[in-house]
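Asks: My structure is in coords.pdb, and what it holds is PDB, C-alpha atoms, pLDDT in the B column:
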```pdb
ATOM      1  CA  ALA A   1      40.247  21.488  54.812  1.00 71.00           C
ATOM      2  CA  GLN A   2      39.244  19.512  51.795  1.00 78.00           C
ATOM      3  CA  SER A   3      35.610  19.135  50.837  1.00 87.00           C
ATOM      4  CA  VAL A   4      33.588  17.894  47.934  1.00 93.00           C
ATOM      5  CA  THR A   5      30.257  19.102  46.610  1.00 95.00           C
ATOM      6  CA  GLN A   6      28.023  17.114  44.334  1.00 96.00           C
ATOM      7  CA  PRO A   7      25.217  19.538  43.486  1.00 96.00           C
ATOM      8  CA  ASP A   8      22.849  16.967  42.038  1.00 95.00           C
ATOM      9  CA  ILE A   9      21.277  14.531  44.486  1.00 94.00           C
ATOM     10  CA  HIS A  10      19.379  12.606  41.847  1.00 96.00           C
ATOM     11  CA  ILE A  11      19.622  12.522  38.068  1.00 97.00           C
ATOM     12  CA  THR A  12      17.438  10.633  35.616  1.00 97.00           C
ATOM     13  CA  VAL A  13      18.544  10.010  32.050  1.00 97.00           C
ATOM     14  CA  SER A  14      17.234   7.857  29.252  1.00 97.00           C
ATOM     15  CA  GLU A  15      19.194   4.835  28.185  1.00 97.00           C
ATOM     16  CA  GLY A  16      21.524   5.808  25.367  1.00 97.00           C
ATOM     17  CA  ALA A  17      21.613   9.449  26.373  1.00 98.00           C
ATOM     18  CA  SER A  18      24.746  11.222  27.502  1.00 98.00           C
ATOM     19  CA  LEU A  19      25.512  11.792  31.154  1.00 98.00           C
ATOM     20  CA  GLU A  20      27.403  14.377  33.143  1.00 98.00           C
ATOM     21  CA  LEU A  21      27.685  14.267  36.928  1.00 98.00           C
ATOM     22  CA  ARG A  22      29.045  17.368  38.568  1.00 98.00           C
ATOM     23  CA  CYS A  23      31.684  17.554  41.249  1.00 97.00           C
ATOM     24  CA  ASN A  24      33.314  20.587  42.795  1.00 96.00           C
ATOM     25  CA  TYR A  25      36.068  20.408  45.346  1.00 94.00           C
ATOM     26  CA  SER A  26      37.862  22.593  47.811  1.00 90.00           C
ATOM     27  CA  TYR A  27      41.453  21.760  48.577  1.00 84.00           C
ATOM     28  CA  GLY A  28      44.535  23.716  49.536  1.00 75.00           C
ATOM     29  CA  ALA A  29      46.968  21.916  47.278  1.00 76.00           C
ATOM     30  CA  THR A  30      46.817  19.866  44.124  1.00 75.00           C
ATOM     31  CA  PRO A  31      44.149  17.327  44.890  1.00 84.00           C
ATOM     32  CA  TYR A  32      43.886  13.679  44.137  1.00 89.00           C
ATOM     33  CA  LEU A  33      40.413  13.223  42.730  1.00 92.00           C
ATOM     34  CA  PHE A  34      38.351  10.102  42.409  1.00 92.00           C
ATOM     35  CA  TRP A  35      35.005   8.883  41.181  1.00 96.00           C
ATOM     36  CA  TYR A  36      33.462   5.782  42.693  1.00 94.00           C
ATOM     37  CA  VAL A  37      30.264   3.912  41.929  1.00 95.00           C
ATOM     38  CA  GLN A  38      28.194   2.026  44.487  1.00 92.00           C
ATOM     39  CA  SER A  39      25.345  -0.354  43.795  1.00 90.00           C
ATOM     40  CA  PRO A  40      22.765  -0.851  46.564  1.00 84.00           C
ATOM     41  CA  GLY A  41      24.210  -2.721  49.521  1.00 79.00           C
ATOM     42  CA  GLN A  42      27.588  -3.015  47.878  1.00 82.00           C
ATOM     43  CA  GLY A  43      31.016  -1.539  48.403  1.00 83.00           C
ATOM     44  CA  LEU A  44      32.693   1.059  46.259  1.00 87.00           C
ATOM     45  CA  GLN A  45      34.181   0.493  42.846  1.00 89.00           C
ATOM     46  CA  LEU A  46      36.766   2.905  41.531  1.00 89.00           C
ATOM     47  CA  LEU A  47      35.789   4.333  38.152  1.00 94.00           C
ATOM     48  CA  LEU A  48      38.753   6.606  37.645  1.00 93.00           C
ATOM     49  CA  LYS A  49      41.231   8.831  39.410  1.00 90.00           C
ATOM     50  CA  TYR A  50      43.283  11.925  38.731  1.00 91.00           C
ATOM     51  CA  PHE A  51      46.636  12.625  40.307  1.00 86.00           C
ATOM     52  CA  SER A  52      48.465  14.728  37.733  1.00 85.00           C
ATOM     53  CA  GLY A  53      49.153  15.034  34.024  1.00 87.00           C
ATOM     54  CA  ASP A  54      46.476  14.915  31.374  1.00 90.00           C
ATOM     55  CA  THR A  55      43.388  16.585  32.733  1.00 93.00           C
ATOM     56  CA  LEU A  56      41.064  14.276  30.824  1.00 96.00           C
ATOM     57  CA  VAL A  57      41.017  10.932  32.547  1.00 96.00           C
ATOM     58  CA  GLN A  58      39.624   7.743  31.101  1.00 97.00           C
ATOM     59  CA  GLY A  59      38.090   5.176  33.407  1.00 96.00           C
ATOM     60  CA  ILE A  60      36.327   1.870  33.326  1.00 95.00           C
ATOM     61  CA  LYS A  61      32.896   1.196  31.845  1.00 95.00           C
ATOM     62  CA  GLY A  62      33.270   4.006  29.306  1.00 97.00           C
ATOM     63  CA  PHE A  63      33.433   6.814  31.859  1.00 98.00           C
ATOM     64  CA  GLU A  64      35.726   9.793  31.685  1.00 98.00           C
ATOM     65  CA  ALA A  65      36.277  12.864  33.822  1.00 98.00           C
ATOM     66  CA  GLU A  66      37.918  16.199  33.246  1.00 97.00           C
ATOM     67  CA  PHE A  67      39.888  18.088  35.859  1.00 95.00           C
ATOM     68  CA  LYS A  68      39.423  21.832  35.564  1.00 95.00           C
ATOM     69  CA  ARG A  69      41.561  23.638  38.071  1.00 92.00           C
ATOM     70  CA  SER A  70      40.117  27.062  37.261  1.00 92.00           C
ATOM     71  CA  GLN A  71      36.649  25.811  38.108  1.00 94.00           C
ATOM     72  CA  SER A  72      37.674  23.448  40.903  1.00 93.00           C
ATOM     73  CA  SER A  73      35.677  20.794  39.138  1.00 96.00           C
ATOM     74  CA  PHE A  74      36.034  17.142  38.232  1.00 97.00           C
ATOM     75  CA  ASN A  75      32.887  16.239  36.329  1.00 98.00           C
ATOM     76  CA  LEU A  76      32.165  12.685  35.284  1.00 98.00           C
ATOM     77  CA  ARG A  77      30.847  11.987  31.804  1.00 98.00           C
ATOM     78  CA  LYS A  78      29.646   9.116  29.696  1.00 98.00           C
ATOM     79  CA  PRO A  79      28.512   9.501  26.089  1.00 98.00           C
ATOM     80  CA  SER A  80      25.858   6.783  26.168  1.00 98.00           C
ATOM     81  CA  VAL A  81      24.334   5.484  29.373  1.00 98.00           C
ATOM     82  CA  HIS A  82      23.356   1.852  29.841  1.00 97.00           C
ATOM     83  CA  TRP A  83      20.650   0.578  32.181  1.00 96.00           C
ATOM     84  CA  SER A  84      23.357  -1.129  34.240  1.00 95.00           C
ATOM     85  CA  ASP A  85      24.870   2.262  35.054  1.00 97.00           C
ATOM     86  CA  ALA A  86      22.029   2.996  37.477  1.00 97.00           C
ATOM     87  CA  ALA A  87      23.731   3.363  40.862  1.00 97.00           C
ATOM     88  CA  GLU A  88      25.059   5.904  43.341  1.00 95.00           C
ATOM     89  CA  TYR A  89      28.106   7.875  42.265  1.00 97.00           C
ATOM     90  CA  PHE A  90      30.535   9.470  44.668  1.00 95.00           C
ATOM     91  CA  CYS A  91      33.202  12.017  43.954  1.00 96.00           C
ATOM     92  CA  ALA A  92      36.061  12.119  46.439  1.00 93.00           C
ATOM     93  CA  VAL A  93      39.159  14.180  47.109  1.00 91.00           C
ATOM     94  CA  GLY A  94      42.214  12.914  48.898  1.00 83.00           C
ATOM     95  CA  ALA A  95      45.918  13.326  49.354  1.00 73.00           C
ATOM     96  CA  LYS A  96      48.910  11.079  49.449  1.00 65.00           C
ATOM     97  CA  ASN A  97      48.449   8.492  52.180  1.00 62.00           C
ATOM     98  CA  ASN A  98      45.654  10.501  53.656  1.00 70.00           C
ATOM     99  CA  ASP A  99      41.986   9.867  54.041  1.00 75.00           C
ATOM    100  CA  MET A 100      39.385  10.746  51.475  1.00 82.00           C
ATOM    101  CA  ARG A 101      36.514  13.142  51.733  1.00 88.00           C
ATOM    102  CA  PHE A 102      33.429  12.153  49.853  1.00 91.00           C
ATOM    103  CA  GLY A 103      30.683  14.141  48.268  1.00 94.00           C
ATOM    104  CA  ALA A 104      27.100  13.440  49.229  1.00 93.00           C
ATOM    105  CA  GLY A 105      26.629  11.299  46.163  1.00 95.00           C
ATOM    106  CA  THR A 106      24.444  11.466  43.071  1.00 96.00           C
ATOM    107  CA  ARG A 107      21.883   8.779  42.462  1.00 96.00           C
ATOM    108  CA  LEU A 108      21.535   7.913  38.800  1.00 97.00           C
ATOM    109  CA  THR A 109      18.306   6.479  37.453  1.00 97.00           C
ATOM    110  CA  VAL A 110      18.229   5.212  33.884  1.00 97.00           C
ATOM    111  CA  LYS A 111      14.920   5.215  32.035  1.00 96.00           C
ATOM    112  CA  PRO A 112      14.354   2.537  29.396  1.00 92.00           C
TER     113      PRO A 112
ATOM    114  CA  GLY B   1      45.100  -5.422  41.044  1.00 66.00           C
ATOM    115  CA  ALA B   2      44.837  -4.496  44.686  1.00 75.00           C
ATOM    116  CA  VAL B   3      42.106  -6.333  46.539  1.00 85.00           C
ATOM    117  CA  VAL B   4      40.679  -5.631  49.967  1.00 90.00           C
ATOM    118  CA  SER B   5      38.592  -8.295  51.626  1.00 93.00           C
ATOM    119  CA  GLN B   6      36.102  -7.256  54.287  1.00 95.00           C
ATOM    120  CA  HIS B   7      34.337  -9.760  56.499  1.00 96.00           C
ATOM    121  CA  PRO B   8      31.578 -10.340  57.382  1.00 96.00           C
ATOM    122  CA  SER B   9      29.432  -8.797  54.688  1.00 93.00           C
ATOM    123  CA  ARG B  10      26.369  -8.834  56.899  1.00 95.00           C
ATOM    124  CA  VAL B  11      25.919  -9.306  60.616  1.00 97.00           C
ATOM    125  CA  ILE B  12      22.991  -9.099  62.966  1.00 97.00           C
ATOM    126  CA  CYS B  13      23.661  -8.851  66.659  1.00 96.00           C
ATOM    127  CA  LYS B  14      21.767  -8.206  69.840  1.00 97.00           C
ATOM    128  CA  SER B  15      22.029  -4.961  71.752  1.00 97.00           C
ATOM    129  CA  GLY B  16      24.860  -4.996  74.226  1.00 97.00           C
ATOM    130  CA  THR B  17      27.018  -7.464  72.358  1.00 97.00           C
ATOM    131  CA  SER B  18      30.218  -6.740  70.447  1.00 97.00           C
ATOM    132  CA  VAL B  19      30.922  -7.289  66.779  1.00 98.00           C
ATOM    133  CA  LYS B  20      34.292  -7.519  65.038  1.00 97.00           C
ATOM    134  CA  ILE B  21      34.758  -6.551  61.408  1.00 97.00           C
ATOM    135  CA  GLU B  22      37.915  -7.532  59.554  1.00 97.00           C
ATOM    136  CA  CYS B  23      39.587  -5.737  56.702  1.00 95.00           C
ATOM    137  CA  ARG B  24      42.385  -7.529  54.867  1.00 94.00           C
ATOM    138  CA  SER B  25      44.580  -6.445  52.019  1.00 90.00           C
ATOM    139  CA  LEU B  26      45.026  -9.628  50.008  1.00 90.00           C
ATOM    140  CA  ASP B  27      47.841  -8.871  47.609  1.00 85.00           C
ATOM    141  CA  PHE B  28      49.582  -5.845  49.005  1.00 85.00           C
ATOM    142  CA  GLN B  29      50.792  -4.408  52.255  1.00 87.00           C
ATOM    143  CA  ALA B  30      48.760  -1.593  53.685  1.00 85.00           C
ATOM    144  CA  THR B  31      50.472   0.686  56.139  1.00 82.00           C
ATOM    145  CA  THR B  32      47.310   2.711  56.431  1.00 87.00           C
ATOM    146  CA  MET B  33      43.693   1.669  56.488  1.00 91.00           C
ATOM    147  CA  PHE B  34      40.648   3.857  56.851  1.00 92.00           C
ATOM    148  CA  TRP B  35      37.285   3.037  58.344  1.00 95.00           C
ATOM    149  CA  TYR B  36      34.162   4.726  57.061  1.00 94.00           C
ATOM    150  CA  ARG B  37      30.556   4.626  58.066  1.00 95.00           C
ATOM    151  CA  GLN B  38      27.636   5.113  55.746  1.00 91.00           C
ATOM    152  CA  PHE B  39      24.071   5.720  56.823  1.00 86.00           C
ATOM    153  CA  PRO B  40      21.257   4.839  54.402  1.00 82.00           C
ATOM    154  CA  LYS B  41      21.136   7.135  51.403  1.00 80.00           C
ATOM    155  CA  GLN B  42      24.045   9.159  52.727  1.00 85.00           C
ATOM    156  CA  SER B  43      27.679   9.556  51.925  1.00 88.00           C
ATOM    157  CA  LEU B  44      30.663   7.939  53.574  1.00 90.00           C
ATOM    158  CA  MET B  45      31.965   9.544  56.713  1.00 92.00           C
ATOM    159  CA  LEU B  46      35.478   8.863  57.908  1.00 92.00           C
ATOM    160  CA  MET B  47      35.543   7.332  61.371  1.00 95.00           C
ATOM    161  CA  ALA B  48      39.208   6.678  61.930  1.00 94.00           C
ATOM    162  CA  THR B  49      42.600   6.186  60.389  1.00 91.00           C
ATOM    163  CA  SER B  50      44.435   3.019  61.266  1.00 89.00           C
ATOM    164  CA  ASN B  51      48.208   2.812  60.992  1.00 85.00           C
ATOM    165  CA  GLU B  52      50.040  -0.459  61.408  1.00 83.00           C
ATOM    166  CA  GLY B  53      51.647  -0.777  64.804  1.00 82.00           C
ATOM    167  CA  SER B  54      50.248   2.412  66.282  1.00 84.00           C
ATOM    168  CA  LYS B  55      47.054   3.720  67.782  1.00 88.00           C
ATOM    169  CA  ALA B  56      44.266   4.697  65.471  1.00 92.00           C
ATOM    170  CA  THR B  57      43.369   8.318  64.940  1.00 92.00           C
ATOM    171  CA  TYR B  58      39.685   8.986  65.386  1.00 95.00           C
ATOM    172  CA  GLU B  59      37.625  11.711  63.815  1.00 93.00           C
ATOM    173  CA  GLN B  60      35.874  14.191  66.021  1.00 93.00           C
ATOM    174  CA  GLY B  61      32.696  12.789  67.452  1.00 93.00           C
ATOM    175  CA  VAL B  62      33.668   9.130  67.056  1.00 95.00           C
ATOM    176  CA  GLU B  63      33.909   7.292  70.365  1.00 94.00           C
ATOM    177  CA  LYS B  64      37.215   5.465  70.433  1.00 93.00           C
ATOM    178  CA  ASP B  65      36.112   3.251  73.323  1.00 95.00           C
ATOM    179  CA  LYS B  66      33.092   2.141  71.384  1.00 96.00           C
ATOM    180  CA  PHE B  67      34.763   1.607  68.034  1.00 97.00           C
ATOM    181  CA  LEU B  68      37.983  -0.240  68.779  1.00 96.00           C
ATOM    182  CA  ILE B  69      40.452  -0.404  65.927  1.00 94.00           C
ATOM    183  CA  ASN B  70      43.445  -2.680  65.786  1.00 91.00           C
ATOM    184  CA  HIS B  71      45.967  -2.733  62.945  1.00 88.00           C
ATOM    185  CA  ALA B  72      48.276  -5.466  64.095  1.00 82.00           C
ATOM    186  CA  SER B  73      49.815  -6.353  60.765  1.00 89.00           C
ATOM    187  CA  LEU B  74      50.404  -4.836  57.362  1.00 88.00           C
ATOM    188  CA  THR B  75      47.520  -6.786  55.920  1.00 91.00           C
ATOM    189  CA  LEU B  76      44.864  -6.729  58.625  1.00 93.00           C
ATOM    190  CA  SER B  77      42.873  -4.098  60.443  1.00 93.00           C
ATOM    191  CA  THR B  78      39.863  -4.832  62.626  1.00 95.00           C
ATOM    192  CA  LEU B  79      37.012  -2.683  63.839  1.00 97.00           C
ATOM    193  CA  THR B  80      35.167  -3.869  66.925  1.00 97.00           C
ATOM    194  CA  VAL B  81      31.856  -2.266  67.751  1.00 97.00           C
ATOM    195  CA  THR B  82      31.524  -2.725  71.496  1.00 97.00           C
ATOM    196  CA  SER B  83      28.250  -2.845  73.394  1.00 97.00           C
ATOM    197  CA  ALA B  84      26.357  -2.308  70.196  1.00 97.00           C
ATOM    198  CA  HIS B  85      23.094  -0.379  70.152  1.00 96.00           C
ATOM    199  CA  PRO B  86      20.480  -0.034  67.410  1.00 96.00           C
ATOM    200  CA  GLU B  87      21.832   3.399  66.495  1.00 95.00           C
ATOM    201  CA  ASP B  88      25.121   1.695  65.560  1.00 96.00           C
ATOM    202  CA  SER B  89      23.331  -0.086  62.749  1.00 95.00           C
ATOM    203  CA  SER B  90      25.011   1.096  59.591  1.00 94.00           C
ATOM    204  CA  PHE B  91      27.170   0.151  56.632  1.00 94.00           C
ATOM    205  CA  TYR B  92      30.858   0.071  57.541  1.00 96.00           C
ATOM    206  CA  ILE B  93      33.512   0.181  54.820  1.00 94.00           C
ATOM    207  CA  CYS B  94      37.266   0.002  55.042  1.00 93.00           C
ATOM    208  CA  SER B  95      39.863   1.133  52.569  1.00 90.00           C
ATOM    209  CA  ALA B  96      43.564   0.456  52.353  1.00 88.00           C
ATOM    210  CA  VAL B  97      46.512   2.378  50.998  1.00 82.00           C
ATOM    211  CA  SER B  98      49.410   0.380  49.647  1.00 76.00           C
ATOM    212  CA  SER B  99      52.748   0.889  51.306  1.00 68.00           C
ATOM    213  CA  ARG B 100      54.172   1.186  47.816  1.00 67.00           C
ATOM    214  CA  GLY B 101      52.277   4.380  47.334  1.00 60.00           C
ATOM    215  CA  ASN B 102      49.849   3.156  44.717  1.00 56.00           C
ATOM    216  CA  TYR B 103      47.087   5.565  45.529  1.00 56.00           C
ATOM    217  CA  GLY B 104      44.237   3.440  44.373  1.00 59.00           C
ATOM    218  CA  TYR B 105      42.545   3.641  47.733  1.00 73.00           C
ATOM    219  CA  THR B 106      41.052   0.212  47.399  1.00 82.00           C
ATOM    220  CA  PHE B 107      37.820  -0.325  49.284  1.00 87.00           C
ATOM    221  CA  GLY B 108      36.402  -3.397  50.891  1.00 90.00           C
ATOM    222  CA  SER B 109      32.919  -4.565  49.977  1.00 90.00           C
ATOM    223  CA  GLY B 110      31.458  -3.292  53.224  1.00 92.00           C
ATOM    224  CA  THR B 111      29.716  -4.758  56.242  1.00 95.00           C
ATOM    225  CA  ARG B 112      26.037  -4.224  56.922  1.00 94.00           C
ATOM    226  CA  LEU B 113      25.588  -4.206  60.696  1.00 96.00           C
ATOM    227  CA  THR B 114      22.120  -4.506  62.148  1.00 96.00           C
ATOM    228  CA  VAL B 115      21.695  -4.294  65.910  1.00 97.00           C
ATOM    229  CA  VAL B 116      18.407  -5.618  67.239  1.00 97.00           C
TER     230      VAL B 116
END
```
Let's see the structure in the file written out as structure tokens.
Replies:
Amino acid sequence: AQSVTQPDIHITVSEGASLELRCNYSYGATPYLFWYVQSPGQGLQLLLKYFSGDTLVQGIKGFEAEFKRSQSSFNLRKPSVHWSDAAEYFCAVGAKNNDMRFGAGTRLTVKP
Amino acid sequence: GAVVSQHPSRVICKSGTSVKIECRSLDFQATTMFWYRQFPKQSLMLMATSNEGSKATYEQGVEKDKFLINHASLTLSTLTVTSAHPEDSSFYICSAVSSRGNYGYTFGSGTRLTVV
């Protein structure tokens, strides 16, 4: 069965600093991997997704993620964090036309 | 791009009453929709999978008689919380998969249900 682990519950970074959010997955086949962001009381916004091809995926808002099959990881990165990036981030794994399994989420706090 | 509209965004109801939440795909046809539940400060948990024209598939531990799902058309799925109780208070989110296979898994904006 597929599962997702986000090891960091809460991360605090200074504005302008770089960011990396970790995600590890367990899946029997080639996974479809996603990163979503959620602001308080809001729905989910897709940041980026990986299905196949280039393992470095570019997303919206300056985010990118790298799929590393050998490490079963799909870490999210941003070179310079903005105060507006403070939110909850969810990594998810899914399959074609199937449901998604979400990680527990990582809450990002941005210090001025 | 694909848009999923979820309504209402917030609802407060009394214990024992029923609440219907709608999930619509606005610019694409969705053969499959998923319903998730999110408790405060927790992740999303899949409740059920809704396929157009057939019965929903519920995850283990989810009461199908309490959470009624209807997917009557390719653009609309509804979740009805029947005889709501305070413990049903939660954030409910739907997502839709395009019948064209565009695996964007578009999510609705969610519904905050409070049962008093």
Asks: Run the ChimeraX specification (/A :<8) & /B mentally over the shown coordinates, then write out the matched residues as an mmCIF file with C-alpha atoms, in the frame of the given file, using the chain letters and numbers from the document.
Replies:
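Final output, saved to expr_19.cif:
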```cif
data_model
loop_
_atom_site.group_PDB
_atom_site.id
_atom_site.type_symbol
_atom_site.label_atom_id
_atom_site.label_comp_id
_atom_site.auth_asym_id
_atom_site.auth_seq_id
_atom_site.Cartn_x
_atom_site.Cartn_y
_atom_site.Cartn_z
ATOM 1 C CA THR B 32 47.310 2.711 56.431
ATOM 2 C CA PHE B 34 40.648 3.857 56.851
ATOM 3 C CA GLN B 42 24.045 9.159 52.727
ATOM 4 C CA SER B 43 27.679 9.556 51.925
ATOM 5 C CA LEU B 44 30.663 7.939 53.574
ATOM 6 C CA MET B 45 31.965 9.544 56.713
ATOM 7 C CA LEU B 46 35.478 8.863 57.908
ATOM 8 C CA THR B 49 42.600 6.186 60.389
ATOM 9 C CA ILE B 93 33.512 0.181 54.820
ATOM 10 C CA VAL B 97 46.512 2.378 50.998
ATOM 11 C CA GLY B 101 52.277 4.380 47.334
ATOM 12 C CA TYR B 103 47.087 5.565 45.529
ATOM 13 C CA GLY B 104 44.237 3.440 44.373
ATOM 14 C CA THR B 106 41.052 0.212 47.399
ATOM 15 C CA PHE B 107 37.820 -0.325 49.284
ATOM 16 C CA GLY B 108 36.402 -3.397 50.891
ATOM 17 C CA SER B 109 32.919 -4.565 49.977
ATOM 18 C CA GLY B 110 31.458 -3.292 53.224
ATOM 19 C CA ARG B 112 26.037 -4.224 56.922
#
```
Asks: Using only C-alpha atoms, which of the listed residues (B:Thr82, B:Ser95, B:Ser89, B:Thr75) sits closest to B:Lys20?
Replies: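 For B:Lys20, the nearest of the given residues is B:Thr82.
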Asks: Taking all atoms listed in the file into account, name the residue in B:Ser77, B:Ser9, B:Asn70, B:Ser50 that is nearest to B:Ser25.
Replies: B:Ser77
Asks: By how many Å are atom CA of A:Ile11 and atom CA of B:Tyr92 apart?
Replies: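 Straight-line distance from atom CA of A:Ile11 to atom CA of B:Tyr92 works out to 25.7 Å.
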Asks: List the residues sitting within 10 Å of (40.0, 15.3, 40.4) in the file's frame, using all atoms listed in the file, as a VMD selection string.
Replies: chain A and resid 23 to 25 30 to 35 48 to 52 55 to 57 65 to 69 72 to 76 91 to 94
Asks: From the list B:Ser90, B:Ser98, B:Ser73, B:Ser83, which residue is nearest B:Phe28 when using only C-alpha atoms?
Replies: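 Smallest separation from B:Phe28 among the options: B:Ser98.
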Asks: List the residues matched by the PyMOL selection byres ((chain A and resi 63) around 8) in the displayed structure as number ranges by chain, ordered by chain and then by residue number.
Replies: A: 47-48, 58-62, 64-65, 76-78
Asks: To one decimal place, how far is atom CA of B:Ile69 from atom CA of B:Pro8 in Å?
Replies: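 Atom-to-atom, atom CA of B:Ile69 and atom CA of B:Pro8 are spaced 15.8 Å apart.
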Asks: Taking all listed atoms of stretch 10-28 of chain A, build the axis-aligned box, pad each of the six sides by 6 Å, then write its centre and edge lengths in Å to one decimal as JSON.
Replies:
```
{"center_x": 30.9, "center_y": 14.3, "center_z": 37.5, "size_x": 39.3, "size_y": 30.9, "size_z": 36.2}
```
Asks: Work out how far apart atom CA of B:Ala48 and atom CA of B:His71 are and give it in Å to one decimal.
Replies: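 Straight-line distance from atom CA of B:Ala48 to atom CA of B:His71 works out to 11.6 Å.
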Asks: Using all atoms listed in the file, which of A:Ser3, A:Ser70, A:Thr109, A:Ser80 sits nearest A:Tyr27?
Replies: A:Ser3
Asks: Please identify all polymer residues within 9 Å of B:Val115, counting only C-alpha atoms, omitting same-chain residues fewer than 2 positions from it, and present them as JSON, numbers by chain.
Replies: {"B": [11, 12, 13, 14, 15, 16, 17, 84, 85, 86, 87, 88, 89, 90, 113]}
Asks: Of the residues B:Glu22, B:Leu76, B:Met47, B:Tyr36, which is the one nearest to B:Glu59, using only C-alpha atoms?
Replies: B:Met47
Asks: Check which residues satisfy the PyMOL selection byres ((chain A and resi 111) around 10) in the file shown, then give them as a PyMOL selection string.
Replies: chain A and resi 12-17+81-83+86+108-110+112
Asks: Which protein, DNA or RNA residues have an atom at most 8 Å from (38.9, -0.3, 66.9), counting all atoms listed in the file? List them as a PyMOL selection string.
Replies: chain B and resi 56+64-70+78-81
